[in-house]
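Data from start14.cif: mmCIF, C-alpha atoms
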data_coords
loop_
_atom_site.label_atom_id
_atom_site.label_comp_id
_atom_site.auth_asym_id
_atom_site.auth_seq_id
_atom_site.Cartn_x
_atom_site.Cartn_y
_atom_site.Cartn_z
CA MET J 1 20.98 8.30 -2.94
CA GLY J 2 18.95 9.84 -0.09
CA ASP J 3 15.86 8.59 1.65
CA LEU J 4 12.37 9.18 0.35
CA GLU J 5 10.57 12.21 1.64
CA VAL J 6 6.85 11.69 1.39
CA TYR J 7 4.14 14.23 1.97
CA GLY J 8 0.40 14.25 1.51
CA ALA J 9 -1.91 11.25 1.16
CA ASP J 10 -2.36 10.68 4.89
CA ALA J 11 -6.12 10.41 5.31
CA LYS J 12 -5.93 12.07 8.72
CA VAL J 13 -3.60 14.95 7.91
CA VAL J 14 -4.70 18.43 6.99
CA ALA J 15 -2.08 21.13 7.37
CA THR J 16 -1.80 24.73 6.45
CA ARG J 17 1.36 26.67 6.97
CA ALA J 18 -0.63 29.71 8.14
CA GLU J 19 -2.30 27.80 10.99
CA ILE J 20 0.96 26.34 12.29
CA GLU J 21 2.49 29.81 12.17
CA ARG J 22 -0.53 31.31 13.97
CA VAL J 23 -0.22 28.80 16.84
CA ARG J 24 3.50 29.53 17.12
CA ARG J 25 2.91 33.30 17.26
CA GLU J 26 0.18 32.97 19.90
CA LEU J 27 2.58 31.00 22.09
CA GLU J 28 5.31 33.56 21.54
CA GLU J 29 2.92 36.27 22.69
CA VAL J 30 1.99 34.29 25.82
CA SER J 31 5.67 33.77 26.63
CA ARG J 32 6.43 37.48 26.20
CA TRP J 33 3.43 38.43 28.33
CA LEU J 34 4.49 36.02 31.02
CA GLU J 35 7.95 37.55 31.12
CA GLY J 36 6.34 41.00 31.45
CA GLN J 37 4.58 39.91 34.64
CA VAL J 38 7.78 39.48 36.60
CA GLN J 39 9.54 42.78 35.91
CA PHE J 40 10.81 44.66 38.98
CA ASP J 41 7.97 47.25 38.98
CA ASP J 42 5.32 44.55 38.94
CA PHE J 43 6.20 43.46 42.43
CA LEU J 44 4.47 46.57 43.82
CA SER J 45 1.16 44.81 43.28
CA ASP J 46 0.37 41.38 44.69
CA PRO J 47 3.97 40.99 45.88
CA LEU J 48 3.57 37.54 47.41
CA ALA J 49 1.67 36.05 44.50
CA ARG J 50 4.11 37.73 42.14
CA VAL J 51 7.02 35.99 43.89
CA GLY J 52 5.20 32.70 43.51
CA LEU J 53 4.63 33.40 39.83
CA ALA J 54 8.26 34.47 39.32
CA MET J 55 9.40 31.11 40.68
CA GLU J 56 7.28 29.26 38.10
CA VAL J 57 7.81 31.49 35.06
CA PRO J 58 11.15 30.05 33.81
CA LEU J 59 9.75 26.51 33.72
CA PHE J 60 6.57 27.59 31.94
CA ARG J 61 8.51 29.62 29.39
CA GLU J 62 10.76 26.65 28.74
CA ARG J 63 7.72 24.45 28.13
CA ILE J 64 6.20 27.02 25.77
CA SER J 65 9.53 27.23 24.00
CA SER J 66 9.63 23.47 23.47
CA VAL J 67 6.11 23.50 21.94
CA GLN J 68 7.21 26.34 19.65
CA LEU J 69 10.26 24.30 18.59
CA ALA J 70 8.03 21.30 17.87
CA LEU J 71 5.84 23.55 15.71
CA VAL J 72 8.83 24.68 13.68
CA GLN J 73 9.88 21.03 13.26
CA ALA J 74 6.33 20.08 12.20
CA ALA J 75 6.40 22.79 9.56
CA GLU J 76 9.82 21.51 8.44
CA SER J 77 8.41 18.02 8.02
CA TYR J 78 5.31 19.11 6.13
CA PHE J 79 7.07 21.56 3.88
CA SER J 80 10.59 20.54 2.89
CA THR J 81 13.46 23.01 2.59
CA GLU J 82 13.24 22.84 -1.16
CA ALA J 83 9.50 23.38 -1.06
CA ARG J 84 9.94 26.42 1.16
CA ALA J 85 12.57 27.83 -1.15
CA THR J 86 10.20 27.36 -4.05
CA LEU J 87 7.42 29.08 -2.15
CA GLN J 88 9.71 31.97 -1.28
CA PHE J 89 10.58 32.23 -4.93
CA GLU J 90 6.91 32.29 -5.77
CA GLN J 91 6.15 34.89 -3.14
CA HIS J 92 9.01 37.13 -4.19
CA PHE J 93 8.25 37.12 -7.85
CA ALA J 94 4.51 36.42 -7.72
CA LEU J 95 4.60 34.70 -11.10
CA ASP J 96 1.49 33.14 -12.53
CA VAL J 97 3.00 30.34 -14.57
CA PRO J 98 -0.16 29.24 -16.43
CA ALA J 99 -0.68 32.88 -17.41
CA ILE J 100 2.93 33.20 -18.59
CA ALA J 101 2.63 29.98 -20.59
CA ALA J 102 -0.60 31.25 -22.14
CA LEU J 103 1.09 34.55 -22.97
CA ALA J 104 4.09 32.80 -24.55
CA VAL J 105 1.76 30.65 -26.61
CA GLY J 106 -0.28 33.70 -27.53
CA LEU J 107 2.78 35.57 -28.71
CA GLY J 108 4.17 32.54 -30.51
CA SER J 109 0.85 31.79 -32.17
CA ALA J 110 0.36 35.28 -33.52
CA SER J 111 0.35 35.14 -37.29
CA LEU J 112 2.89 37.55 -38.65
CA THR J 113 1.71 36.96 -42.20
CA PRO J 114 -0.81 34.53 -43.68
CA GLU J 115 2.13 32.37 -44.76
CA SER J 116 3.76 32.44 -41.31
CA PRO J 117 1.42 30.91 -38.76
CA GLY J 118 3.57 31.65 -35.69
CA LEU J 119 6.09 29.64 -33.70
CA PHE J 120 3.72 27.80 -31.33
CA ALA J 121 0.62 27.62 -33.52
CA GLU J 122 -1.17 24.27 -33.11
CA LYS J 123 -2.22 22.09 -36.01
CA PRO J 124 -4.31 18.93 -36.42
CA VAL J 125 -2.96 15.80 -34.71
CA TYR J 126 -3.42 12.10 -35.34
CA ALA J 127 -3.20 8.87 -33.34
CA THR J 128 -2.77 5.68 -35.34
CA GLN J 129 -2.59 2.16 -33.99
CA VAL J 130 0.71 0.47 -34.83
CA GLY J 131 1.57 -3.21 -34.60
CA GLU J 132 -0.66 -6.01 -33.40
CA PRO J 133 -2.22 -6.20 -29.92
CA ARG J 134 -0.36 -8.48 -27.52
CA SER J 135 -1.18 -10.00 -24.18
CA SER J 136 0.21 -8.33 -21.11
CA LEU J 137 0.68 -9.02 -17.43
CA PRO J 138 -0.92 -6.40 -15.16
CA PRO J 139 1.41 -3.58 -14.04
CA ASN J 140 1.22 -4.33 -10.33
CA SER J 141 4.17 -2.32 -9.03
CA VAL J 142 5.60 1.16 -9.54
CA VAL J 143 8.72 -0.50 -10.97
CA SER J 144 6.69 -2.32 -13.64
CA MET J 145 4.91 0.92 -14.51
CA ALA J 146 8.23 2.79 -14.87
CA ARG J 147 9.65 -0.04 -17.00
CA ARG J 148 6.68 0.04 -19.42
CA LEU J 149 6.93 3.81 -19.61
CA GLN J 150 10.64 3.56 -20.42
CA GLU J 151 9.98 0.98 -23.15
CA THR J 152 7.34 3.27 -24.66
CA THR J 153 9.67 6.28 -24.46
CA ASN J 154 12.46 4.34 -26.18
CA LEU J 155 10.38 3.68 -29.32
CA ASP J 156 11.49 5.56 -32.45
CA LYS J 157 8.25 7.50 -32.85
CA PRO J 158 6.06 9.32 -30.27
CA THR J 159 3.87 6.49 -28.99
CA ILE J 160 1.19 5.89 -26.34
CA ARG J 161 0.84 2.45 -24.78
CA ILE J 162 -2.66 1.38 -23.75
CA GLU J 163 -3.26 -1.76 -21.70
CA ARG J 164 -6.75 -3.09 -21.13
CA PHE J 165 -7.76 -5.43 -18.29
CA GLY J 166 -11.52 -5.82 -18.74
CA LYS J 167 -13.01 -2.41 -17.97
CA ASN J 168 -9.77 -1.19 -16.40
CA VAL J 169 -7.33 0.60 -18.69
CA VAL J 170 -3.75 1.71 -17.96
CA VAL J 171 -2.29 4.35 -20.29
CA PHE J 172 1.46 5.10 -20.53
CA VAL J 173 2.41 8.57 -21.78
CA PRO J 174 6.05 9.53 -22.48
CA GLY J 175 7.52 12.98 -21.86
CA THR J 176 8.83 15.66 -24.20
CA ARG J 177 10.84 14.14 -27.05
CA THR J 178 11.49 17.15 -29.30
CA TRP J 179 13.05 20.26 -27.77
CA SER J 180 13.30 22.45 -30.87
CA LEU J 181 11.03 25.50 -30.87
CA GLY J 182 8.01 25.59 -33.13
CA SER J 183 5.34 22.98 -33.78
CA GLY J 184 6.66 20.07 -35.78
CA LYS J 185 5.51 16.57 -36.60
CA ASP J 186 6.11 15.25 -33.06
CA PRO J 187 3.29 16.48 -30.78
CA LEU J 188 5.34 15.65 -27.67
CA ASP J 189 7.30 18.88 -28.16
CA VAL J 190 7.89 22.29 -26.58
CA THR J 191 4.78 23.79 -28.18
CA SER J 192 2.62 21.19 -26.44
CA ASN J 193 4.58 21.75 -23.22
CA LEU J 194 3.79 25.45 -23.13
CA ARG J 195 0.18 24.94 -24.08
CA ALA J 196 -0.34 22.14 -21.55
CA MET J 197 1.11 24.30 -18.79
CA ALA J 198 -1.66 26.82 -19.44
CA GLY J 199 -4.15 24.38 -17.87
CA PRO J 200 -6.73 21.64 -18.52
CA ASP J 201 -8.48 23.63 -21.25
CA SER J 202 -5.27 23.83 -23.28
CA LYS J 203 -5.36 22.68 -26.87
CA ALA J 204 -1.89 21.14 -26.58
CA GLY J 205 -1.28 18.86 -29.55
CA SER J 206 -0.04 16.04 -27.34
CA GLN J 207 -3.15 16.28 -25.14
CA ARG J 208 -5.48 16.16 -28.15
CA ALA J 209 -3.49 13.27 -29.63
CA LEU J 210 -3.70 11.37 -26.34
CA SER J 211 -7.49 11.79 -26.36
CA GLN J 212 -7.57 10.54 -29.95
CA ALA J 213 -5.51 7.48 -29.02
CA LEU J 214 -7.99 6.66 -26.24
CA ARG J 215 -10.91 7.02 -28.64
CA ALA J 216 -9.12 4.82 -31.19
CA ALA J 217 -8.63 2.19 -28.47
CA ASN J 218 -12.40 2.32 -27.78
CA VAL J 219 -11.88 3.60 -24.26
CA GLY J 220 -15.19 5.15 -23.33
CA ARG J 221 -18.24 5.03 -21.13
CA GLY J 222 -17.99 2.40 -18.40
CA ASP J 223 -14.20 2.18 -18.60
CA ARG J 224 -11.93 3.17 -15.72
CA VAL J 225 -8.55 4.64 -16.59
CA ILE J 226 -5.29 5.36 -14.80
CA PHE J 227 -2.47 7.26 -16.48
CA VAL J 228 1.25 6.75 -15.98
CA GLY J 229 3.29 9.63 -17.38
CA HIS J 230 6.76 11.14 -17.41
CA SER J 231 7.26 14.91 -17.58
CA GLN J 232 4.91 16.35 -20.24
CA GLY J 233 3.15 12.97 -20.38
CA GLY J 234 2.21 13.31 -16.70
CA MET J 235 1.10 16.90 -17.18
CA ILE J 236 -1.26 16.25 -20.12
CA ALA J 237 -2.67 13.19 -18.33
CA ALA J 238 -3.29 15.39 -15.28
CA ASN J 239 -4.99 17.95 -17.49
CA LEU J 240 -7.35 15.25 -18.78
CA ALA J 241 -7.91 14.02 -15.22
CA SER J 242 -8.94 17.54 -14.17
CA LYS J 243 -11.94 17.61 -16.49
CA PRO J 244 -14.89 15.28 -17.09
CA GLN J 245 -14.10 12.67 -19.78
CA PRO J 246 -16.25 10.02 -21.52
CA TYR J 247 -14.42 7.42 -19.40
CA ARG J 248 -13.79 7.57 -15.67
CA ILE J 249 -10.23 8.52 -14.66
CA THR J 250 -9.38 6.84 -11.36
CA GLY J 251 -5.68 7.51 -10.82
CA LEU J 252 -2.45 9.10 -11.91
CA VAL J 253 1.21 8.13 -11.52
CA THR J 254 3.76 10.71 -12.60
CA PHE J 255 7.55 10.87 -12.77
CA GLY J 256 9.04 14.37 -12.85
CA ALA J 257 5.83 16.06 -14.02
CA PRO J 258 4.63 19.58 -13.15
CA LEU J 259 1.27 19.16 -11.38
CA ALA J 260 1.02 21.80 -8.64
CA GLN J 261 -0.80 24.19 -10.98
CA LEU J 262 -3.75 21.75 -10.82
CA GLU J 263 -4.16 21.98 -7.04
CA GLY J 264 -7.83 21.60 -6.15
CA ARG J 265 -8.74 20.22 -9.58
CA LEU J 266 -7.21 16.74 -9.35
CA LYS J 267 -9.60 14.65 -7.28
CA VAL J 268 -8.27 11.18 -8.18
CA PRO J 269 -5.48 9.32 -6.30
CA VAL J 270 -2.18 10.84 -7.42
CA LEU J 271 1.32 9.44 -6.91
CA ALA J 272 3.80 12.16 -7.91
CA ILE J 273 7.46 11.11 -7.87
CA GLU J 274 10.04 13.90 -8.08
CA HIS J 275 13.82 14.04 -7.86
CA ASN J 276 15.35 16.81 -5.78
CA GLY J 277 16.86 19.28 -8.22
CA ASP J 278 14.68 18.16 -11.15
CA VAL J 279 13.42 21.55 -12.29
CA VAL J 280 10.53 20.25 -14.43
CA PRO J 281 8.13 19.37 -11.58
CA LYS J 282 9.00 22.77 -10.06
CA LEU J 283 7.90 24.70 -13.16
CA PRO J 284 4.57 25.72 -11.55
CA LEU J 285 6.75 27.52 -8.92
CA ASN J 286 4.64 25.91 -6.25
CA VAL J 287 4.64 22.69 -4.28
CA ASN J 288 2.16 19.89 -4.61
CA PRO J 289 -0.67 20.24 -2.09
CA ILE J 290 -0.96 18.22 1.09
CA ALA J 291 -4.17 16.40 0.27
CA GLU J 292 -5.65 13.04 1.14
CA ASN J 293 -5.66 11.87 -2.49
CA TRP J 294 -2.18 13.10 -3.35
CA ALA J 295 1.15 11.45 -2.34
CA THR J 296 4.25 13.32 -3.38
CA VAL J 297 7.57 11.48 -3.11
CA ALA J 298 10.79 13.51 -3.25
CA THR J 299 14.25 11.98 -3.22
CA ASP J 300 17.73 12.42 -4.67
CA ALA J 301 18.25 11.18 -8.22
CA PRO J 302 20.49 8.10 -8.48
CA ASN J 303 22.51 9.70 -11.29
CA ASP J 304 23.19 13.05 -9.73
CA GLU J 305 25.79 14.56 -12.03
CA SER J 306 23.79 17.22 -13.85
CA LEU J 307 20.46 19.01 -13.69
CA GLY J 308 19.34 17.28 -16.90
CA SER J 309 20.09 13.80 -15.62
CA LYS J 310 17.88 14.36 -12.59
CA HIS J 311 14.92 14.48 -14.98
CA GLU J 312 15.77 11.33 -16.96
CA LEU J 313 13.28 8.50 -16.83
CA SER J 314 16.11 5.96 -16.39
CA GLY J 315 16.84 7.55 -12.99
CA TYR J 316 13.16 7.54 -12.08
CA ARG J 317 13.05 3.81 -12.88
CA GLN J 318 15.58 3.21 -10.12
CA THR J 319 13.67 5.46 -7.73
CA ALA J 320 10.50 3.46 -8.45
CA LEU J 321 11.99 0.52 -6.52
CA LYS J 322 12.32 2.67 -3.40
CA VAL J 323 8.72 3.82 -3.85
CA ASP J 324 7.58 0.19 -4.00
CA GLN J 325 9.52 -0.64 -0.84
CA SER J 326 8.39 2.37 1.20
CA THR J 327 6.26 1.72 4.28
CA SER J 328 5.14 5.34 4.66
CA PRO J 329 1.39 4.98 5.45
CA GLY J 330 0.08 7.68 3.09
CA LEU J 331 2.26 6.54 0.20
CA LYS J 332 1.43 2.88 0.84
CA ARG J 333 -2.31 3.59 0.73
CA ILE J 334 -2.15 5.47 -2.58
CA ARG J 335 0.36 2.99 -4.08
CA GLU J 336 -1.87 0.01 -3.28
CA ILE J 337 -4.85 1.66 -4.98
CA LEU J 338 -2.83 2.31 -8.14
CA THR J 339 -0.80 -0.90 -8.34
CA GLY J 340 -3.84 -3.04 -7.55
CA PHE J 341 -5.95 -1.34 -10.22
CA ALA J 342 -5.26 -3.76 -13.11
CA GLY J 343 -6.08 -6.88 -11.08
CA GLU J 344 -4.42 -10.27 -11.51
CA ASP J 345 -5.43 -11.45 -14.96
CA LEU J 346 -3.70 -11.09 -18.32
CA GLY J 347 -4.73 -8.11 -20.41
CA GLU J 348 -4.18 -6.76 -23.90
CA VAL J 349 -1.68 -4.09 -24.88
CA ARG J 350 -1.86 -1.80 -27.93
CA TRP J 351 0.35 1.01 -29.19
CA PHE J 352 -0.72 4.27 -30.86
CA GLU J 353 1.67 6.49 -32.77
CA LEU J 354 1.07 10.24 -32.45
CA ALA J 355 1.70 12.79 -35.18
CA ARG J 356 0.96 16.43 -35.92
CA SER J 357 0.19 17.79 -39.35
CA VAL J 358 3.10 19.82 -40.67
CA ARG J 359 1.05 21.61 -43.32
CA SER J 360 0.52 25.27 -42.45
CA GLY J 361 -2.91 26.83 -42.14
CA MET U 1 -0.54 46.64 35.46
CA ASP U 2 -2.65 43.53 35.88
CA SER U 3 -2.96 41.65 39.14
CA VAL U 4 -1.41 38.20 39.03
CA ASP U 5 -4.85 36.60 38.97
CA GLN U 6 -6.03 38.74 36.06
CA ALA U 7 -2.77 38.18 34.18
CA LEU U 8 -3.06 34.42 34.55
CA ALA U 9 -6.71 34.50 33.47
CA LEU U 10 -5.69 36.35 30.30
CA ILE U 11 -2.82 33.93 29.65
CA ILE U 12 -5.20 30.98 30.00
CA THR U 13 -7.64 32.56 27.53
CA ARG U 14 -4.81 33.28 25.11
CA LEU U 15 -3.54 29.70 25.35
CA GLN U 16 -7.02 28.32 24.67
CA SER U 17 -7.20 30.36 21.49
CA ALA U 18 -3.78 29.03 20.44
CA ILE U 19 -5.09 25.45 20.15
CA PRO U 20 -4.94 24.46 16.44
CA ASP U 21 -8.14 24.74 14.46
CA PRO U 22 -8.82 21.15 13.29
CA MET U 23 -10.22 22.45 10.02
CA LEU U 24 -6.85 24.00 9.23
CA TRP U 25 -4.40 21.63 10.88
CA ALA U 26 -5.33 18.07 11.81
CA GLY U 27 -3.47 14.82 12.28
CA ALA U 28 -1.18 13.25 14.88
CA ALA U 29 1.16 16.26 15.15
CA ALA U 30 -1.74 18.68 15.53
CA GLU U 31 -3.31 16.49 18.23
CA SER U 32 -0.03 16.29 20.09
CA CYS U 33 0.36 20.07 19.87
CA ALA U 34 -3.21 20.61 21.12
CA LYS U 35 -2.60 18.26 24.07
CA SER U 36 0.61 20.13 25.01
CA ILE U 37 -1.22 23.46 24.96
CA GLU U 38 -4.17 22.03 26.91
CA LYS U 39 -1.77 20.69 29.54
CA LEU U 40 -0.09 24.10 29.76
CA THR U 41 -3.51 25.71 30.15
CA TRP U 42 -4.46 23.29 32.90
CA ASP U 43 -1.15 23.90 34.73
CA PHE U 44 -1.63 27.68 34.51
CA ALA U 45 -5.13 27.26 35.93
CA GLU U 46 -3.65 25.21 38.77
CA LEU U 47 -0.97 27.87 39.36
CA ARG U 48 -3.67 30.54 39.42
CA ARG U 49 -5.60 28.56 42.03
CA ARG U 50 -2.49 28.08 44.20
CA LEU U 51 -1.35 31.71 43.98
CA LYS U 52 -4.72 32.99 45.24
CA TYR U 53 -3.64 31.81 48.68
CA TRP U 54 -0.38 33.77 48.41
CA ALA U 55 -2.11 37.17 48.43
CA ILE U 56 -1.66 39.37 51.49
#
Here is the file; what I need is its structure written in the form of structure tokens.
Amino acid sequence: MGDLEVYGADAKVVATRAEIERVRRELEEVSRWLEGQVQFDDFLSDPLARVGLAMEVPLFRERISSVQLALVQAAESYFSTEARATLQFEQHFALDVPAIAALAVGLGSASLTPESPGLFAEKPVYATQVGEPRSSLPPNSVVSMARRLQETTNLDKPTIRIERFGKNVVVFVPGTRTWSLGSGKDPLDVTSNLRAMAGPDSKAGSQRALSQALRAANVGRGDRVIFVGHSQGGMIAANLASKPQPYRITGLVTFGAPLAQLEGRLKVPVLAIEHNGDVVPKLPLNVNPIAENWATVATDAPNDESLGSKHELSGYRQTALKVDQSTSPGLKRIREILTGFAGEDLGEVRWFELARSVRSG
Amino acid sequence: MDSVDQALALIITRLQSAIPDPMLWAGAAAESCAKSIEKLTWDFAELRRRLKYWAI
């Protein structure tokens, strides 16, 4: 299992690839120009000074070269190999993923006949409280957040876990559970995935059901909320966090969730944890931005056998320990905001089961 | 062809424009890069001053 690679979240770091490349090119030009000053013909003018310059040129060019090398290394550090490959992919194919998702949903939603409402047509959704509220310790580490998310994911039915600590609320949202095409009873399905990818204004069933669960839990004005989500759960939480809500969203923790499509819209502290080779967070065909509020952690999955296993929450649970132990300044700053959110006192936990109507029309 | 003095003046100007724009790239690495380029600029200026005395 490799080391963590962390980018973003450093309050002092702003970096654009274009600017680093511009500096490197300027230096290359200076070096080439310098070389041009000591060609044989040049010695016809200012011969003595030219000799003096010729003696110094190799050392200066070597120094320029070392700055250029440092620039390449800086770019390597900011933008990992995988990230660059993804960007190249994006540049070559120039795909607009939200647009493609919207198109797929559009095609799938088209009613072929009044009796056939289309493959990805959305229907009403419901969120119903199940079981009795219980007391809960605050989730004060990334490990404890991943554990709660795993417990919620393991329940038989699609369920949201909502923990309240006074005015502070932590919401746990599982990922996709049903992979068959078409909208069925489980709103955490492929239909919601495609719709959610289209952006914050999507009418994804899972996103609407999550909002209903929050309303049913009386989360509203004056409350502060952070979301913890895996895969689709992270994406729909991010969609909600990108738009004004009746409550105030103050943070987001995601495991293997596609978020890059929301660059510039997510203003809250974000901790995005991704396994190398997990294709789901790469679905936007872009990398997460380098922003002060956004820490992205990339590392190898502990169970590395197949592409599918790299996305499993059980693997992310193990990675969470490394995230808790990391001393990377940017990551540490964001992590402390999110893991300190719930405070020290006992809270109350409730569960809400999500469902979609299966009646057509 | 430029005289050595003119060539060095142009190189110094070019180096000054190569310093990272803090709005586009800021942080420890950018500062370190800017310092390296500033030092290069200063050393070229010093070389320019010295080579003036080498002219015939």
Residues selected by the PyMOL selection byres ((chain U and resi 15-28) around 7), written as an mmCIF file with C-alpha atoms, keeping the file's coordinate frame:
data_model
loop_
_atom_site.group_PDB
_atom_site.id
_atom_site.type_symbol
_atom_site.label_atom_id
_atom_site.label_comp_id
_atom_site.auth_asym_id
_atom_site.auth_seq_id
_atom_site.Cartn_x
_atom_site.Cartn_y
_atom_site.Cartn_z
ATOM 1 C CA LYS J 12 -5.930 12.070 8.720
ATOM 2 C CA VAL J 13 -3.600 14.950 7.910
ATOM 3 C CA VAL J 14 -4.700 18.430 6.990
ATOM 4 C CA ALA J 15 -2.080 21.130 7.370
ATOM 5 C CA THR J 16 -1.800 24.730 6.450
ATOM 6 C CA GLU J 19 -2.300 27.800 10.990
ATOM 7 C CA VAL J 23 -0.220 28.800 16.840
ATOM 8 C CA GLU J 26 0.180 32.970 19.900
ATOM 9 C CA LEU J 27 2.580 31.000 22.090
ATOM 10 C CA ILE U 11 -2.820 33.930 29.650
ATOM 11 C CA ILE U 12 -5.200 30.980 30.000
ATOM 12 C CA THR U 13 -7.640 32.560 27.530
ATOM 13 C CA ARG U 14 -4.810 33.280 25.110
ATOM 14 C CA ALA U 29 1.160 16.260 15.150
ATOM 15 C CA ALA U 30 -1.740 18.680 15.530
ATOM 16 C CA GLU U 31 -3.310 16.490 18.230
ATOM 17 C CA SER U 32 -0.030 16.290 20.090
ATOM 18 C CA ALA U 34 -3.210 20.610 21.120
ATOM 19 C CA ILE U 37 -1.220 23.460 24.960
ATOM 20 C CA THR U 41 -3.510 25.710 30.150
#
(request) Would you please work out which residue, of J:Gly233, J:Val67, J:Glu263, J:Ala217, is nearest to Lys35 (chain U) when using all atoms listed in the file? (result) J:Val67
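With distances taken over all atoms listed in the file, J:Gly52 is the one residue among J:Gln39, J:Gly52, J:Leu283, J:Glu353 lying closest to chain U.
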(message) One decimal, in Å: what's the spacing between CA of Val219 (chain J) and CA of Val253 (chain J)?
(response)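 Distance between the two atoms: 18.8 Å.
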(request) Name the closest residue to Lys332 (chain J) among the candidates J:Gln212, J:Asn239, J:Ser141, J:Glu151; distances are taken between atoms, counting only C-alpha atoms. (result) J:Ser141
(message) For a quick check of your reading of the model, name the residues lying within 12 Å of the coordinate (0.9, 33.8, 35.8), counting only C-alpha atoms, and write them as a PyMOL selection string.
(response) (chain J and resi 30-38+46+49-61) or (chain U and resi 2-13+40-41+43-52)
Could you add whatever atoms are missing so that region 26-38 of chain U carries N, CA and C atoms, then write the result as a CSV table (one decimal), in the frame of the given file?
chain,number,residue,atom,x,y,z
U,26,ALA,N,-4.9,19.3,11.1
U,26,ALA,CA,-5.3,18.1,11.8
U,26,ALA,C,-4.3,16.9,11.6
U,27,GLY,N,-4.4,15.9,12.4
U,27,GLY,CA,-3.5,14.8,12.3
U,27,GLY,C,-2.8,14.6,13.6
U,28,ALA,N,-1.8,13.6,13.6
U,28,ALA,CA,-1.2,13.2,14.9
U,28,ALA,C,-0.4,14.4,15.5
U,29,ALA,N,0.3,15.2,14.6
U,29,ALA,CA,1.2,16.3,15.2
U,29,ALA,C,0.3,17.3,15.7
U,30,ALA,N,-0.8,17.6,15.0
U,30,ALA,CA,-1.7,18.7,15.5
U,30,ALA,C,-2.4,18.3,16.9
U,31,GLU,N,-2.7,17.0,17.0
U,31,GLU,CA,-3.3,16.5,18.2
U,31,GLU,C,-2.3,16.6,19.4
U,32,SER,N,-1.1,16.2,19.1
U,32,SER,CA,0.0,16.3,20.1
U,32,SER,C,0.2,17.7,20.5
U,33,CYS,N,0.2,18.6,19.6
U,33,CYS,CA,0.4,20.1,19.9
U,33,CYS,C,-0.8,20.6,20.7
U,34,ALA,N,-2.0,20.2,20.4
U,34,ALA,CA,-3.2,20.6,21.1
U,34,ALA,C,-3.1,20.1,22.6
U,35,LYS,N,-2.7,18.8,22.7
U,35,LYS,CA,-2.6,18.3,24.1
U,35,LYS,C,-1.6,19.0,24.9
U,36,SER,N,-0.4,19.4,24.3
U,36,SER,CA,0.6,20.1,25.0
U,36,SER,C,0.1,21.5,25.5
U,37,ILE,N,-0.7,22.1,24.6
U,37,ILE,CA,-1.2,23.5,25.0
U,37,ILE,C,-2.3,23.3,26.0
U,38,GLU,N,-3.1,22.3,25.9
U,38,GLU,CA,-4.2,22.0,26.9
U,38,GLU,C,-3.6,21.8,28.3
